[in-house]
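What follows is query.pdb (PDB, C-alpha atoms, pLDDT in the B column).
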MODEL        1
ATOM      1  CA  MET A 259     -17.722 -62.421 -18.445  1.00 31.00           C
ATOM      2  CA  ALA A 260     -15.864 -65.738 -18.355  1.00 36.00           C
ATOM      3  CA  ILE A 261     -12.125 -65.647 -17.694  1.00 33.00           C
ATOM      4  CA  ALA A 262      -9.733 -68.220 -19.236  1.00 34.00           C
ATOM      5  CA  SER A 263      -7.305 -69.611 -16.662  1.00 34.00           C
ATOM      6  CA  LEU A 264      -4.547 -72.228 -16.651  1.00 33.00           C
ATOM      7  CA  VAL A 265      -5.254 -75.230 -14.430  1.00 36.00           C
ATOM      8  CA  ILE A 266      -2.289 -77.538 -13.705  1.00 36.00           C
ATOM      9  CA  GLY A 267      -3.125 -81.236 -13.433  1.00 39.00           C
ATOM     10  CA  GLY A 268      -1.427 -84.542 -14.120  1.00 38.00           C
ATOM     11  CA  ALA A 269       1.207 -84.311 -16.838  1.00 36.00           C
ATOM     12  CA  GLY A 270       0.091 -81.065 -18.340  1.00 36.00           C
ATOM     13  CA  TYR A 271      -2.381 -78.284 -18.126  1.00 31.00           C
ATOM     14  CA  TYR A 272      -5.642 -77.308 -19.756  1.00 35.00           C
ATOM     15  CA  VAL A 273      -7.683 -74.167 -20.193  1.00 34.00           C
ATOM     16  CA  ALA A 274     -10.724 -73.854 -17.958  1.00 38.00           C
ATOM     17  CA  GLU A 275     -13.484 -71.305 -18.049  1.00 39.00           C
ATOM     18  CA  THR A 276     -14.249 -69.696 -14.723  1.00 40.00           C
ATOM     19  CA  THR A 277     -16.749 -66.987 -13.956  1.00 43.00           C
ATOM     20  CA  PRO A 278     -15.757 -64.368 -11.380  1.00 40.00           C
ATOM     21  CA  PRO A 279     -18.179 -63.698  -8.553  1.00 42.00           C
ATOM     22  CA  ALA A 280     -20.461 -60.756  -8.999  1.00 44.00           C
ATOM     23  CA  PRO A 281     -19.004 -57.648  -7.357  1.00 40.00           C
ATOM     24  CA  THR A 282     -20.713 -56.649  -4.192  1.00 39.00           C
ATOM     25  CA  ALA A 283     -21.735 -53.056  -3.757  1.00 41.00           C
ATOM     26  CA  PRO A 284     -19.658 -51.267  -1.138  1.00 39.00           C
ATOM     27  CA  THR A 285     -21.449 -50.608   2.086  1.00 40.00           C
ATOM     28  CA  ALA A 286     -22.353 -46.968   2.292  1.00 43.00           C
ATOM     29  CA  LEU A 287     -20.786 -45.318   5.322  1.00 41.00           C
ATOM     30  CA  PRO A 288     -22.989 -42.996   7.303  1.00 47.00           C
ATOM     31  CA  ALA A 289     -22.287 -39.357   6.649  1.00 45.00           C
ATOM     32  CA  PRO A 290     -20.505 -37.621   9.526  1.00 40.00           C
ATOM     33  CA  PRO A 291     -22.767 -35.326  11.482  1.00 43.00           C
ATOM     34  CA  ALA A 292     -22.485 -31.703  10.460  1.00 44.00           C
ATOM     35  CA  LEU A 293     -20.813 -29.533  13.042  1.00 46.00           C
ATOM     36  CA  ALA A 294     -22.904 -26.669  14.266  1.00 53.00           C
ATOM     37  CA  PRO A 295     -21.200 -23.320  13.647  1.00 60.00           C
ATOM     38  CA  MET A 296     -19.727 -21.709  16.720  1.00 72.00           C
ATOM     39  CA  THR A 297     -21.110 -18.422  17.927  1.00 83.00           C
ATOM     40  CA  VAL A 298     -19.055 -15.328  17.218  1.00 84.00           C
ATOM     41  CA  GLU A 299     -18.377 -14.825  20.926  1.00 88.00           C
ATOM     42  CA  ALA A 300     -17.237 -18.422  21.497  1.00 89.00           C
ATOM     43  CA  TRP A 301     -15.044 -18.427  18.404  1.00 90.00           C
ATOM     44  CA  ALA A 302     -13.427 -15.097  19.271  1.00 90.00           C
ATOM     45  CA  ALA A 303     -12.766 -16.188  22.861  1.00 90.00           C
ATOM     46  CA  ARG A 304     -11.080 -19.392  21.724  1.00 90.00           C
ATOM     47  CA  ALA A 305      -9.127 -17.580  19.009  1.00 91.00           C
ATOM     48  CA  LYS A 306      -7.696 -15.199  21.629  1.00 91.00           C
ATOM     49  CA  VAL A 307      -6.442 -18.161  23.672  1.00 92.00           C
ATOM     50  CA  VAL A 308      -4.818 -19.739  20.622  1.00 92.00           C
ATOM     51  CA  LEU A 309      -3.257 -16.430  19.541  1.00 93.00           C
ATOM     52  CA  ALA A 310      -1.782 -15.970  23.012  1.00 93.00           C
ATOM     53  CA  SER A 311      -0.258 -19.462  22.804  1.00 93.00           C
ATOM     54  CA  LEU A 312       1.166 -18.756  19.342  1.00 94.00           C
ATOM     55  CA  ASP A 313       2.668 -15.478  20.580  1.00 94.00           C
ATOM     56  CA  ARG A 314       4.344 -17.244  23.514  1.00 94.00           C
ATOM     57  CA  GLN A 315       5.775 -19.910  21.218  1.00 93.00           C
ATOM     58  CA  LEU A 316       7.079 -17.318  18.770  1.00 94.00           C
ATOM     59  CA  GLU A 317       8.680 -15.484  21.677  1.00 94.00           C
ATOM     60  CA  ALA A 318      10.375 -18.713  22.772  1.00 93.00           C
ATOM     61  CA  VAL A 319      11.660 -19.237  19.227  1.00 93.00           C
ATOM     62  CA  SER A 320      13.022 -15.685  19.121  1.00 92.00           C
ATOM     63  CA  GLU A 321      14.774 -16.082  22.488  1.00 91.00           C
ATOM     64  CA  THR A 322      16.332 -19.366  21.376  1.00 88.00           C
ATOM     65  CA  GLU A 323      17.580 -17.822  18.135  1.00 87.00           C
ATOM     66  CA  THR A 324      19.095 -14.936  20.106  1.00 87.00           C
ATOM     67  CA  GLN A 325      20.874 -17.317  22.476  1.00 83.00           C
ATOM     68  CA  LEU A 326      22.309 -19.279  19.565  1.00 80.00           C
ATOM     69  CA  GLN A 327      23.582 -16.079  17.940  1.00 80.00           C
ATOM     70  CA  ARG A 328      25.425 -15.116  21.139  1.00 79.00           C
ATOM     71  CA  VAL A 329      27.647 -18.187  20.926  1.00 73.00           C
ATOM     72  CA  PRO A 330      30.990 -17.350  19.273  1.00 71.00           C
ATOM     73  CA  GLU A 331      31.135 -18.734  15.769  1.00 69.00           C
ATOM     74  CA  ARG A 332      34.214 -20.858  16.533  1.00 65.00           C
ATOM     75  CA  ASP A 333      32.349 -22.584  19.376  1.00 62.00           C
ATOM     76  CA  ARG A 334      29.090 -23.242  17.546  1.00 64.00           C
ATOM     77  CA  ILE A 335      27.927 -26.718  16.717  1.00 63.00           C
ATOM     78  CA  PRO A 336      25.913 -27.277  13.535  1.00 61.00           C
ATOM     79  CA  HIS A 337      22.488 -28.087  15.071  1.00 60.00           C
ATOM     80  CA  HIS A 338      21.392 -28.959  11.529  1.00 69.00           C
ATOM     81  CA  GLU A 339      18.286 -30.957  12.427  1.00 81.00           C
ATOM     82  CA  SER A 340      17.380 -28.870  15.462  1.00 82.00           C
ATOM     83  CA  ARG A 341      17.823 -25.554  13.661  1.00 84.00           C
ATOM     84  CA  ARG A 342      15.804 -26.809  10.701  1.00 86.00           C
ATOM     85  CA  ALA A 343      13.036 -27.972  13.022  1.00 89.00           C
ATOM     86  CA  LEU A 344      13.075 -24.618  14.808  1.00 89.00           C
ATOM     87  CA  GLN A 345      12.880 -22.706  11.519  1.00 90.00           C
ATOM     88  CA  ASP A 346      10.058 -24.904  10.227  1.00 92.00           C
ATOM     89  CA  GLN A 347       8.165 -24.437  13.468  1.00 92.00           C
ATOM     90  CA  LYS A 348       8.656 -20.666  13.318  1.00 93.00           C
ATOM     91  CA  GLU A 349       7.233 -20.523   9.782  1.00 94.00           C
ATOM     92  CA  TRP A 350       4.277 -22.690  10.779  1.00 93.00           C
ATOM     93  CA  LEU A 351       3.537 -20.521  13.828  1.00 93.00           C
ATOM     94  CA  GLU A 352       3.669 -17.345  11.750  1.00 94.00           C
ATOM     95  CA  GLN A 353       1.308 -18.818   9.151  1.00 93.00           C
ATOM     96  CA  GLN A 354      -1.151 -19.976  11.795  1.00 92.00           C
ATOM     97  CA  ARG A 355      -1.052 -16.640  13.560  1.00 93.00           C
ATOM     98  CA  ALA A 356      -1.581 -14.648  10.353  1.00 93.00           C
ATOM     99  CA  ALA A 357      -4.548 -16.802   9.285  1.00 90.00           C
ATOM    100  CA  LEU A 358      -6.161 -16.696  12.714  1.00 92.00           C
ATOM    101  CA  ALA A 359      -5.626 -12.957  13.104  1.00 92.00           C
ATOM    102  CA  THR A 360      -7.211 -12.365   9.684  1.00 90.00           C
ATOM    103  CA  GLN A 361     -10.275 -14.419  10.600  1.00 90.00           C
ATOM    104  CA  LEU A 362     -10.628 -12.709  13.971  1.00 91.00           C
ATOM    105  CA  ALA A 363     -10.302  -9.281  12.346  1.00 91.00           C
ATOM    106  CA  ALA A 364     -13.014 -10.230   9.859  1.00 90.00           C
ATOM    107  CA  LEU A 365     -15.377 -11.171  12.683  1.00 91.00           C
ATOM    108  CA  ARG A 366     -14.675  -7.977  14.566  1.00 90.00           C
ATOM    109  CA  SER A 367     -15.120  -5.829  11.467  1.00 92.00           C
ATOM    110  CA  LEU A 368     -18.663  -7.011  10.642  1.00 91.00           C
ATOM    111  CA  PRO A 369     -20.569  -4.500  12.827  1.00 92.00           C
ATOM    112  CA  GLY A 370     -18.549  -1.526  11.589  1.00 94.00           C
ATOM    113  CA  LEU A 371     -18.782  -2.567   7.952  1.00 93.00           C
ATOM    114  CA  THR A 372     -22.527  -3.062   8.309  1.00 94.00           C
ATOM    115  CA  ASP A 373     -22.913   0.428   9.778  1.00 95.00           C
ATOM    116  CA  THR A 374     -20.822   1.886   6.950  1.00 94.00           C
ATOM    117  CA  LEU A 375     -22.980   0.170   4.341  1.00 93.00           C
ATOM    118  CA  ASN A 376     -26.204   1.363   5.975  1.00 95.00           C
ATOM    119  CA  THR A 377     -24.883   4.932   6.141  1.00 94.00           C
ATOM    120  CA  GLU A 378     -23.796   4.971   2.494  1.00 93.00           C
ATOM    121  CA  GLN A 379     -27.093   3.458   1.377  1.00 93.00           C
ATOM    122  CA  ALA A 380     -29.080   6.042   3.345  1.00 94.00           C
ATOM    123  CA  GLN A 381     -27.079   8.906   1.827  1.00 92.00           C
ATOM    124  CA  LEU A 382     -27.500   7.442  -1.656  1.00 91.00           C
ATOM    125  CA  ASP A 383     -31.248   7.105  -1.151  1.00 93.00           C
ATOM    126  CA  ALA A 384     -31.464  10.711   0.026  1.00 91.00           C
ATOM    127  CA  LEU A 385     -29.611  11.937  -3.060  1.00 90.00           C
ATOM    128  CA  GLU A 386     -31.883   9.897  -5.345  1.00 90.00           C
ATOM    129  CA  ARG A 387     -34.925  11.497  -3.728  1.00 89.00           C
ATOM    130  CA  ALA A 388     -33.370  14.950  -4.068  1.00 87.00           C
ATOM    131  CA  LEU A 389     -32.749  14.355  -7.776  1.00 85.00           C
ATOM    132  CA  LEU A 390     -36.359  13.266  -8.287  1.00 85.00           C
ATOM    133  CA  GLU A 391     -37.644  16.347  -6.531  1.00 81.00           C
ATOM    134  CA  ASN A 392     -35.195  18.584  -8.384  1.00 75.00           C
ATOM    135  CA  GLY A 393     -36.381  17.234 -11.720  1.00 68.00           C
ATOM    136  CA  THR A 394     -39.789  18.872 -11.306  1.00 61.00           C
ATOM    137  CA  ARG A 395     -38.372  22.390 -11.133  1.00 60.00           C
ATOM    138  CA  THR A 396     -37.800  24.838 -13.978  1.00 62.00           C
ATOM    139  CA  ASN A 397     -34.770  24.297 -16.177  1.00 68.00           C
ATOM    140  CA  SER A 398     -32.755  27.390 -15.145  1.00 73.00           C
ATOM    141  CA  PRO A 399     -28.930  27.697 -15.032  1.00 77.00           C
ATOM    142  CA  ASP A 400     -29.016  27.399 -11.253  1.00 76.00           C
ATOM    143  CA  HIS A 401     -31.265  24.352 -11.513  1.00 78.00           C
ATOM    144  CA  THR A 402     -28.907  22.717 -14.014  1.00 81.00           C
ATOM    145  CA  ALA A 403     -25.845  23.381 -11.848  1.00 84.00           C
ATOM    146  CA  ALA A 404     -27.610  22.057  -8.740  1.00 83.00           C
ATOM    147  CA  THR A 405     -28.685  18.932 -10.602  1.00 84.00           C
ATOM    148  CA  ARG A 406     -25.135  18.347 -11.800  1.00 87.00           C
ATOM    149  CA  ARG A 407     -23.784  18.632  -8.242  1.00 89.00           C
ATOM    150  CA  LEU A 408     -26.413  16.195  -6.972  1.00 88.00           C
ATOM    151  CA  GLN A 409     -25.555  13.728  -9.713  1.00 89.00           C
ATOM    152  CA  GLU A 410     -21.848  13.937  -8.876  1.00 91.00           C
ATOM    153  CA  GLN A 411     -22.581  13.349  -5.207  1.00 91.00           C
ATOM    154  CA  ARG A 412     -24.899  10.467  -6.076  1.00 91.00           C
ATOM    155  CA  ASP A 413     -22.227   8.832  -8.246  1.00 93.00           C
ATOM    156  CA  GLN A 414     -19.645   9.252  -5.510  1.00 92.00           C
ATOM    157  CA  HIS A 415     -21.871   7.716  -2.819  1.00 92.00           C
ATOM    158  CA  ARG A 416     -22.908   4.943  -5.180  1.00 93.00           C
ATOM    159  CA  GLN A 417     -19.261   4.017  -5.618  1.00 94.00           C
ATOM    160  CA  GLN A 418     -18.696   4.178  -1.863  1.00 93.00           C
ATOM    161  CA  ARG A 419     -21.813   2.069  -1.314  1.00 93.00           C
ATOM    162  CA  ASN A 420     -20.552  -0.543  -3.774  1.00 95.00           C
ATOM    163  CA  GLU A 421     -17.170  -0.624  -2.047  1.00 95.00           C
ATOM    164  CA  ALA A 422     -18.916  -1.079   1.295  1.00 93.00           C
ATOM    165  CA  VAL A 423     -20.968  -3.956  -0.141  1.00 94.00           C
ATOM    166  CA  ARG A 424     -17.804  -5.635  -1.445  1.00 95.00           C
ATOM    167  CA  ALA A 425     -15.904  -5.176   1.826  1.00 93.00           C
ATOM    168  CA  LEU A 426     -18.806  -6.535   3.873  1.00 93.00           C
ATOM    169  CA  ALA A 427     -19.226  -9.529   1.557  1.00 93.00           C
ATOM    170  CA  GLU A 428     -15.528 -10.420   1.827  1.00 92.00           C
ATOM    171  CA  ALA A 429     -15.521 -10.076   5.614  1.00 91.00           C
ATOM    172  CA  ARG A 430     -18.738 -12.081   5.924  1.00 91.00           C
ATOM    173  CA  SER A 431     -17.331 -14.863   3.747  1.00 90.00           C
ATOM    174  CA  GLU A 432     -14.181 -14.995   5.868  1.00 88.00           C
ATOM    175  CA  ALA A 433     -16.232 -14.948   9.064  1.00 87.00           C
ATOM    176  CA  ASP A 434     -18.596 -17.691   7.876  1.00 88.00           C
ATOM    177  CA  ALA A 435     -15.654 -19.922   6.966  1.00 85.00           C
ATOM    178  CA  ALA A 436     -14.100 -19.281  10.377  1.00 85.00           C
ATOM    179  CA  LEU A 437     -17.283 -20.111  12.281  1.00 86.00           C
ATOM    180  CA  ARG A 438     -17.658 -23.409  10.406  1.00 84.00           C
ATOM    181  CA  SER A 439     -14.229 -24.581  11.618  1.00 81.00           C
ATOM    182  CA  PRO A 440     -13.138 -23.880  15.202  1.00 79.00           C
ATOM    183  CA  PRO A 441      -9.671 -22.445  15.869  1.00 81.00           C
ATOM    184  CA  PRO A 442      -6.869 -25.009  16.234  1.00 78.00           C
ATOM    185  CA  GLU A 443      -5.898 -26.368  19.617  1.00 78.00           C
ATOM    186  CA  ALA A 444      -3.515 -24.192  21.594  1.00 73.00           C
ATOM    187  CA  ALA A 445      -0.954 -27.000  21.925  1.00 80.00           C
ATOM    188  CA  ASP A 446       2.659 -26.001  22.522  1.00 86.00           C
ATOM    189  CA  LEU A 447       4.644 -27.882  19.868  1.00 85.00           C
ATOM    190  CA  THR A 448       7.609 -25.532  20.182  1.00 89.00           C
ATOM    191  CA  ALA A 449       8.757 -26.435  23.704  1.00 90.00           C
ATOM    192  CA  PRO A 450      10.223 -29.865  22.758  1.00 90.00           C
ATOM    193  CA  ILE A 451      12.298 -28.304  19.959  1.00 88.00           C
ATOM    194  CA  VAL A 452      13.564 -25.509  22.194  1.00 88.00           C
ATOM    195  CA  GLU A 453      14.365 -27.978  24.977  1.00 88.00           C
ATOM    196  CA  ARG A 454      16.327 -30.172  22.559  1.00 87.00           C
ATOM    197  CA  ILE A 455      18.420 -27.208  21.432  1.00 85.00           C
ATOM    198  CA  ARG A 456      19.054 -26.145  25.029  1.00 83.00           C
ATOM    199  CA  THR A 457      20.188 -29.665  25.872  1.00 83.00           C
ATOM    200  CA  GLU A 458      22.554 -29.668  22.911  1.00 79.00           C
ATOM    201  CA  GLU A 459      23.932 -26.311  24.013  1.00 75.00           C
ATOM    202  CA  GLN A 460      24.504 -27.621  27.541  1.00 76.00           C
ATOM    203  CA  LEU A 461      26.390 -30.569  26.097  1.00 76.00           C
ATOM    204  CA  ARG A 462      28.410 -28.185  23.958  1.00 71.00           C
ATOM    205  CA  GLU A 463      29.399 -26.194  27.042  1.00 69.00           C
ATOM    206  CA  VAL A 464      30.475 -29.382  28.821  1.00 70.00           C
ATOM    207  CA  VAL A 465      32.570 -30.412  25.810  1.00 64.00           C
ATOM    208  CA  MET A 466      34.158 -26.966  25.605  1.00 66.00           C
ATOM    209  CA  HIS A 467      34.951 -27.057  29.328  1.00 63.00           C
ATOM    210  CA  LEU A 468      36.604 -30.468  29.041  1.00 68.00           C
ATOM    211  CA  ARG A 469      38.493 -29.369  25.942  1.00 63.00           C
ATOM    212  CA  ASN A 470      39.834 -26.269  27.694  1.00 61.00           C
ATOM    213  CA  ALA A 471      40.796 -28.300  30.762  1.00 64.00           C
ATOM    214  CA  HIS A 472      42.630 -30.798  28.566  1.00 57.00           C
ATOM    215  CA  ARG A 473      44.443 -27.961  26.795  1.00 61.00           C
ATOM    216  CA  ASP A 474      45.487 -26.424  30.143  1.00 56.00           C
ATOM    217  CA  ASN A 475      46.824 -29.751  31.371  1.00 60.00           C
ATOM    218  CA  HIS A 476      48.940 -30.183  28.265  1.00 55.00           C
ATOM    219  CA  SER A 477      50.273 -26.647  28.623  1.00 57.00           C
ATOM    220  CA  SER A 478      51.317 -27.211  32.251  1.00 56.00           C
ATOM    221  CA  GLU A 479      53.041 -30.497  31.330  1.00 55.00           C
ATOM    222  CA  ARG A 480      55.099 -28.779  28.642  1.00 57.00           C
ATOM    223  CA  ASP A 481      55.988 -25.872  30.930  1.00 57.00           C
ATOM    224  CA  PRO A 482      56.267 -27.158  34.521  1.00 54.00           C
ATOM    225  CA  ASP A 483      57.797 -23.868  35.719  1.00 56.00           C
ATOM    226  CA  GLY A 484      55.046 -21.786  34.159  1.00 50.00           C
TER     227      GLY A 484
ENDMDL
END

For the file at hand, write its structure as structure tokens.
Amino acid sequence: MAIASLVIGGAGYYVAETTPPAPTAPTALPAPPALAPMTVEAWAARAKVVLASLDRQLEAVSETETQLQRVPERDRIPHHESRRALQDQKEWLEQQRAALATQLAALRSLPGLTDTLNTEQAQLDALERALLENGTRTNSPDHTAATRRLQEQRDQHRQQRNEAVRALAEARSEADAALRSPPPEAADLTAPIVERIRTEEQLREVVMHLRNAHRDNHSSERDPDG
């Protein structure tokens, strides 16, 4: 499509028809190579390391909060930015720990959930066979009562089997998602925040010491015999 444009020349201007260059197709970038899922053992081992790091960082946050609470309220300094950073870091650590613990629990639960499902399915199959065999007998009151009990047991185990299927499917989905993405690095991002708060507290103590010394000097000047 031609585009009308203004071209300045001489004492005036005129309208010229220009044709834009044909758009070039963007160069297709190669697809990133798919990451091979980690084995359950490798993922669990790395998750334990990360969880231990998160626990240590949360412990450091808790100790720092306790130390700040011990300072008398009249001597506290705001620490607005530092306290906000510490609180944000605490929330992030708790979220990471909860997510990682959930994924690790899902991996660990797979064998037990599989055994539960196999057991419930075997019991359900046995009850189905018993009902088929019981159906060939004479229709007596005892036979009817026995059939009813078998049907109740079958319905109960069918429900338990379905619950086992659902629980295993949820755990397997969580485990598959975990194995496709390795646990985060066990980097300590809390130490710099804690160190900054400790430095500010040390400065506060120095200021308080100088303030008290200045107050004592003024008191002695006003009362030389004291």

(message) Which residues are near segment 415-422 of chain A? Cut-off 10 Å, only C-alpha atoms, ignore same chain within fewer than 2 positions. Put them as a PyMOL selection string.
(response) chain A and resi 371-383+385+409-413+424-428

(message) What would the selection look like, as a list in words, if the PyMOL selection byres ((chain A and resi 297) around 12) were run on the coordinates I just shared?
(response) Ala294, Pro295, Met296, Val298, Glu299, Ala300, Trp301, Ala302, Ala303, Arg304, Leu365, Ala433, Asp434, Ala436, Leu437, Arg438, Ser439 and Pro440 of chain A

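With distances taken over all atoms listed in the file, A:Glu432 is the one residue among A:Glu349, A:Glu391, A:Glu432, A:Glu321 lying closest to Ser367 of chain A.
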
Axis-aligned box for all listed atoms of segment 420-428 of chain A, 8 Å per side, centre and edges in Å to one decimal, as AutoDock Vina command-line options:
--center_x -18.2 --center_y -5.5 --center_z 0.0 --size_x 21.4 --size_y 25.9 --size_z 23.6

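The two atoms in question, atom CA of Ala449 of chain A and atom CA of Gln327 of chain A, are spaced 19.0 Å apart.
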
(request) Please measure the separation of atom CA of Ala310 of chain A and atom CA of Gln325 of chain A, giving the value in Å to one decimal. (result)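 Between atom CA of Ala310 of chain A and atom CA of Gln325 of chain A the gap works out to 22.7 Å.
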
(message) From the options A:Asp400, A:Glu386, A:Glu323, A:Asp313, which residue's atoms come nearest to Ala444 of chain A, counting all atoms listed in the file?
(response)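 Closest residue, counting all atoms listed in the file: A:Asp313.
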